[in-house]
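work-v1.csv follows; it contains CSV, C-alpha atoms.
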chain,number,residue,atom,x,y,z
A,1,MET,CA,119.9,156.7,47.9
A,2,ALA,CA,120.8,153.0,48.2
A,3,LYS,CA,120.6,151.4,51.6
A,4,ALA,CA,123.2,148.9,53.0
A,5,VAL,CA,121.9,145.4,53.6
A,6,GLY,CA,123.2,143.2,56.4
A,7,VAL,CA,123.4,139.5,55.6
A,8,THR,CA,123.8,137.0,58.4
A,9,ARG,CA,124.3,133.3,57.8
A,10,LYS,CA,122.8,131.1,60.6
A,11,ASN,CA,121.9,127.5,61.3
A,12,LEU,CA,119.3,125.6,63.3
A,13,SER,CA,119.8,122.0,64.5
A,14,PHE,CA,117.6,119.4,66.2
A,15,VAL,CA,117.7,115.8,67.2
A,16,TYR,CA,114.9,113.4,66.2
A,17,ASP,CA,114.9,110.5,68.7
A,18,PHE,CA,112.2,107.8,68.4
A,19,ALA,CA,112.5,107.2,72.2
A,20,VAL,CA,111.5,110.8,72.8
A,21,ASP,CA,109.5,111.9,69.8
A,22,GLY,CA,107.7,108.6,68.9
A,23,GLY,CA,107.2,107.2,65.5
A,24,ALA,CA,103.5,107.6,64.7
A,25,ILE,CA,102.4,108.5,61.2
A,26,SER,CA,102.3,112.3,61.7
A,27,THR,CA,104.2,115.6,61.4
A,28,ILE,CA,106.2,116.1,64.6
A,29,GLY,CA,107.3,119.7,65.4
A,30,MET,CA,110.9,119.7,66.6
A,31,GLY,CA,110.8,122.9,68.7
A,32,VAL,CA,113.2,125.0,66.5
A,33,PHE,CA,111.9,127.8,64.3
A,34,LEU,CA,113.0,129.5,61.1
A,35,PRO,CA,112.3,133.3,61.3
A,36,ALA,CA,110.1,135.0,58.8
A,37,GLY,CA,112.1,136.0,55.8
A,38,ALA,CA,114.8,133.4,56.2
A,39,VAL,CA,116.2,132.0,53.0
A,40,VAL,CA,117.0,128.3,53.5
A,41,MET,CA,120.2,127.3,51.7
A,42,LEU,CA,120.6,123.6,52.7
A,43,GLY,CA,119.7,120.9,55.1
A,44,THR,CA,121.6,117.7,56.1
A,45,ALA,CA,120.8,114.8,58.4
A,46,GLN,CA,123.3,112.6,60.1
A,47,VAL,CA,121.8,109.3,61.2
A,48,VAL,CA,123.0,108.1,64.6
A,49,THR,CA,120.8,105.0,64.9
A,50,ALA,CA,119.0,103.5,61.9
A,51,LEU,CA,115.4,104.4,61.5
A,52,THR,CA,113.3,101.2,61.3
A,53,SER,CA,109.7,100.4,60.6
A,54,GLY,CA,107.5,97.3,60.4
A,55,GLY,CA,106.3,98.6,57.0
A,56,ALA,CA,107.4,101.0,54.2
A,57,ALA,CA,107.7,104.2,56.1
A,58,THR,CA,108.9,107.4,54.5
A,59,ILE,CA,110.6,110.3,56.4
A,60,ALA,CA,110.8,113.9,55.3
A,61,VAL,CA,111.9,117.2,56.9
A,62,GLY,CA,110.2,120.5,56.4
A,63,TRP,CA,107.4,122.4,58.1
A,64,THR,CA,103.6,122.5,58.1
A,65,GLY,CA,102.4,123.1,54.5
A,66,SER,CA,105.7,122.1,53.0
A,67,THR,CA,106.7,118.9,54.8
A,68,GLY,CA,109.5,117.9,52.4
A,69,ALA,CA,110.9,121.4,51.9
A,70,VAL,CA,114.4,120.6,53.0
A,71,ILE,CA,114.5,116.8,52.9
A,72,ALA,CA,112.0,115.2,50.5
A,73,ALA,CA,110.3,112.0,51.6
A,74,LEU,CA,112.8,109.1,51.6
A,75,ALA,CA,112.2,105.4,52.2
A,76,VAL,CA,113.1,104.2,55.7
A,77,ALA,CA,115.9,102.0,54.2
A,78,SER,CA,117.8,105.2,53.3
A,79,TRP,CA,118.0,106.2,57.0
A,80,SER,CA,120.6,103.5,57.9
A,81,ASP,CA,123.3,103.7,60.6
A,82,ASP,CA,125.7,106.5,60.0
A,83,ALA,CA,124.0,107.6,56.7
A,84,VAL,CA,124.3,111.3,55.8
A,85,ILE,CA,121.1,112.4,54.1
A,86,GLU,CA,121.5,115.4,51.8
A,87,GLY,CA,118.5,117.6,51.6
A,88,VAL,CA,116.8,119.0,48.5
A,89,ASP,CA,119.3,120.9,46.3
A,90,LEU,CA,118.5,124.4,47.5
A,91,THR,CA,121.5,125.9,45.8
A,92,VAL,CA,119.3,125.8,42.6
A,93,ALA,CA,116.1,126.9,44.2
A,94,MET,CA,116.5,128.3,47.7
A,95,VAL,CA,113.4,128.4,49.8
A,96,LYS,CA,112.2,131.7,51.5
A,97,VAL,CA,109.8,131.4,54.4
A,98,THR,CA,107.3,134.2,54.6
A,99,ALA,CA,106.2,133.5,58.2
A,100,ILE,CA,107.9,131.8,61.2
A,101,GLN,CA,108.0,128.1,60.5
A,102,GLN,CA,108.8,125.3,63.0
A,103,LEU,CA,111.0,122.6,61.5
A,104,ALA,CA,109.2,119.2,61.6
A,105,VAL,CA,109.8,115.5,60.8
A,106,THR,CA,107.0,113.9,58.8
A,107,ILE,CA,106.5,110.2,59.0
A,108,ALA,CA,104.2,108.7,56.4
A,109,THR,CA,102.9,105.3,55.1
A,110,ALA,CA,103.9,103.3,58.2
A,111,THR,CA,105.0,104.0,61.7
A,112,LEU,CA,108.7,104.0,62.9
A,113,THR,CA,109.9,101.5,65.5
A,114,ALA,CA,113.3,103.0,66.3
A,115,GLY,CA,115.9,105.5,65.2
A,116,ARG,CA,117.7,108.7,65.9
A,117,PHE,CA,119.3,111.5,63.7
A,118,PHE,CA,120.8,114.9,63.9
A,119,TYR,CA,119.5,117.6,61.5
A,120,THR,CA,121.1,120.9,60.6
A,121,CYS,CA,119.6,123.6,58.4
A,122,ASP,CA,121.6,126.6,57.1
A,123,TYR,CA,119.8,129.8,56.2
A,124,ILE,CA,120.4,133.5,55.5
A,125,GLU,CA,118.7,136.5,57.2
A,126,TYR,CA,118.7,139.9,55.5
A,127,SER,CA,118.4,143.2,57.4
A,128,GLU,CA,118.7,146.8,56.5
A,129,VAL,CA,121.6,148.6,58.1

What is this structure when it is put down as structure tokens?
Amino acid sequence: MAKAVGVTRKNLSFVYDFAVDGGAISTIGMGVFLPAGAVVMLGTAQVVTALTSGGAATIAVGWTGSTGAVIAALAVASWSDDAVIEGVDLTVAMVKVTAIQQLAVTIATATLTAGRFFYTCDYIEYSEV
């Protein structure tokens, strides 16, 4: 006999703020977690204050082991005031997380010196009813 499946669409959001989170070359956990089994559909960032660097920094959003899973590494110049950064096109290849994953910002190549952005990730959870 077939079982009914419940589908719940949810989202997670965080704020990256240089003044709080720093700008070192690193992967910075943002304190929000995707549950095991979540199917990530899309991710979008809204830049509030331009991200700046004294070098050629790149910024990505993802999680440990897949640092650019939802926003692939982009040059710091892309993260200008009021920019909307569209994530990886997950409508073609959605990403399923098999274990709980903390969303993270990865700064590479050079440190950041300023900046702030909002990030939102939409995902689906399935459950048997």

Within 10 Å of Gly68 of chain A, counting only C-alpha atoms, which residues show up once you throw out same-chain ones fewer than 4 positions away? Write them as a list in words, please.
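Near Gly68 of chain A, the qualifying residues are Ile59, Ala60, Val61, Gly62, Trp63, Thr64, Ala72, Ala73, Leu74, Gly87, Val88, Ala104, Val105 and Thr106 of chain A.
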
Could you give me, as a PDB file with C-alpha atoms, in the coordinates of the input, the residues that have an atom at most 9 Å away from the point (123.3, 116.6, 59.7) in the coordinates of the file, using all atoms listed in the file?
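That gives us out_24.pdb:
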ATOM      1  CA  SER A  13     119.800 122.000  64.500  1.00  0.00           C
ATOM      2  CA  GLY A  43     119.700 120.900  55.100  1.00  0.00           C
ATOM      3  CA  THR A  44     121.600 117.700  56.100  1.00  0.00           C
ATOM      4  CA  ALA A  45     120.800 114.800  58.400  1.00  0.00           C
ATOM      5  CA  GLN A  46     123.300 112.600  60.100  1.00  0.00           C
ATOM      6  CA  VAL A  47     121.800 109.300  61.200  1.00  0.00           C
ATOM      7  CA  VAL A  84     124.300 111.300  55.800  1.00  0.00           C
ATOM      8  CA  ILE A  85     121.100 112.400  54.100  1.00  0.00           C
ATOM      9  CA  GLU A  86     121.500 115.400  51.800  1.00  0.00           C
ATOM     10  CA  PHE A 117     119.300 111.500  63.700  1.00  0.00           C
ATOM     11  CA  PHE A 118     120.800 114.900  63.900  1.00  0.00           C
ATOM     12  CA  TYR A 119     119.500 117.600  61.500  1.00  0.00           C
ATOM     13  CA  THR A 120     121.100 120.900  60.600  1.00  0.00           C
ATOM     14  CA  CYS A 121     119.600 123.600  58.400  1.00  0.00           C
TER      15      CYS A 121
END

Interatomic distance between atom CA of Leu51 of chain A and atom CA of Asp89 of chain A?
22.8 Å

List the spatial neighbours of segment 94-99 of chain A as a list in words - criterion: any atom at most 6 Å away, all atoms listed in the file, same-chain residues fewer than 6 positions off excluded.
Ala36, Gly37, Ala38, Val39, Val40 and Met41 of chain A

I'd like the interatomic distance between atom CA of Gly55 of chain A and atom CA of Phe14 of chain A, to a tenth of an Å.
25.4 Å

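Going from atom CA of Ala110 of chain A to atom CA of Asp122 of chain A covers 29.3 Å.
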
Using all atoms listed in the file: which of A:Tyr126, A:Ala77, A:Leu112, A:Leu34 has the shortest distance to Tyr16 of chain A
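Of A:Tyr126, A:Ala77, A:Leu112, A:Leu34, the one nearest Tyr16 of chain A is A:Leu112, counting all atoms listed in the file.
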
Looking at only C-alpha atoms, which of A:Trp79, A:Gly23, A:Ala57, A:Phe33 is the one that sits closest to Lys10 of chain A?
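Closest candidate: A:Phe33.
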
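Residue nearest Ala69 of chain A, chosen from A:Leu42, A:Val48, A:Ala83, A:Met30 and counting all atoms listed in the file: A:Leu42.
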
Of A:Val7, A:Ala2, A:Leu12, A:Ile25, the one sitting nearest Gln102 of chain A when using all atoms listed in the file is A:Leu12

Which residues are near Thr52 of chain A? Cut-off 7 Å, only C-alpha atoms, ignore same chain within fewer than 6 positions. Put them as a tab-separated table (two decimals) with C-alpha atoms, keeping the file's coordinate frame.
chain	number	residue	atom	x	y	z
A	76	VAL	CA	113.10	104.20	55.70
A	112	LEU	CA	108.70	104.00	62.90
A	113	THR	CA	109.90	101.50	65.50
A	114	ALA	CA	113.30	103.00	66.30
A	115	GLY	CA	115.90	105.50	65.20
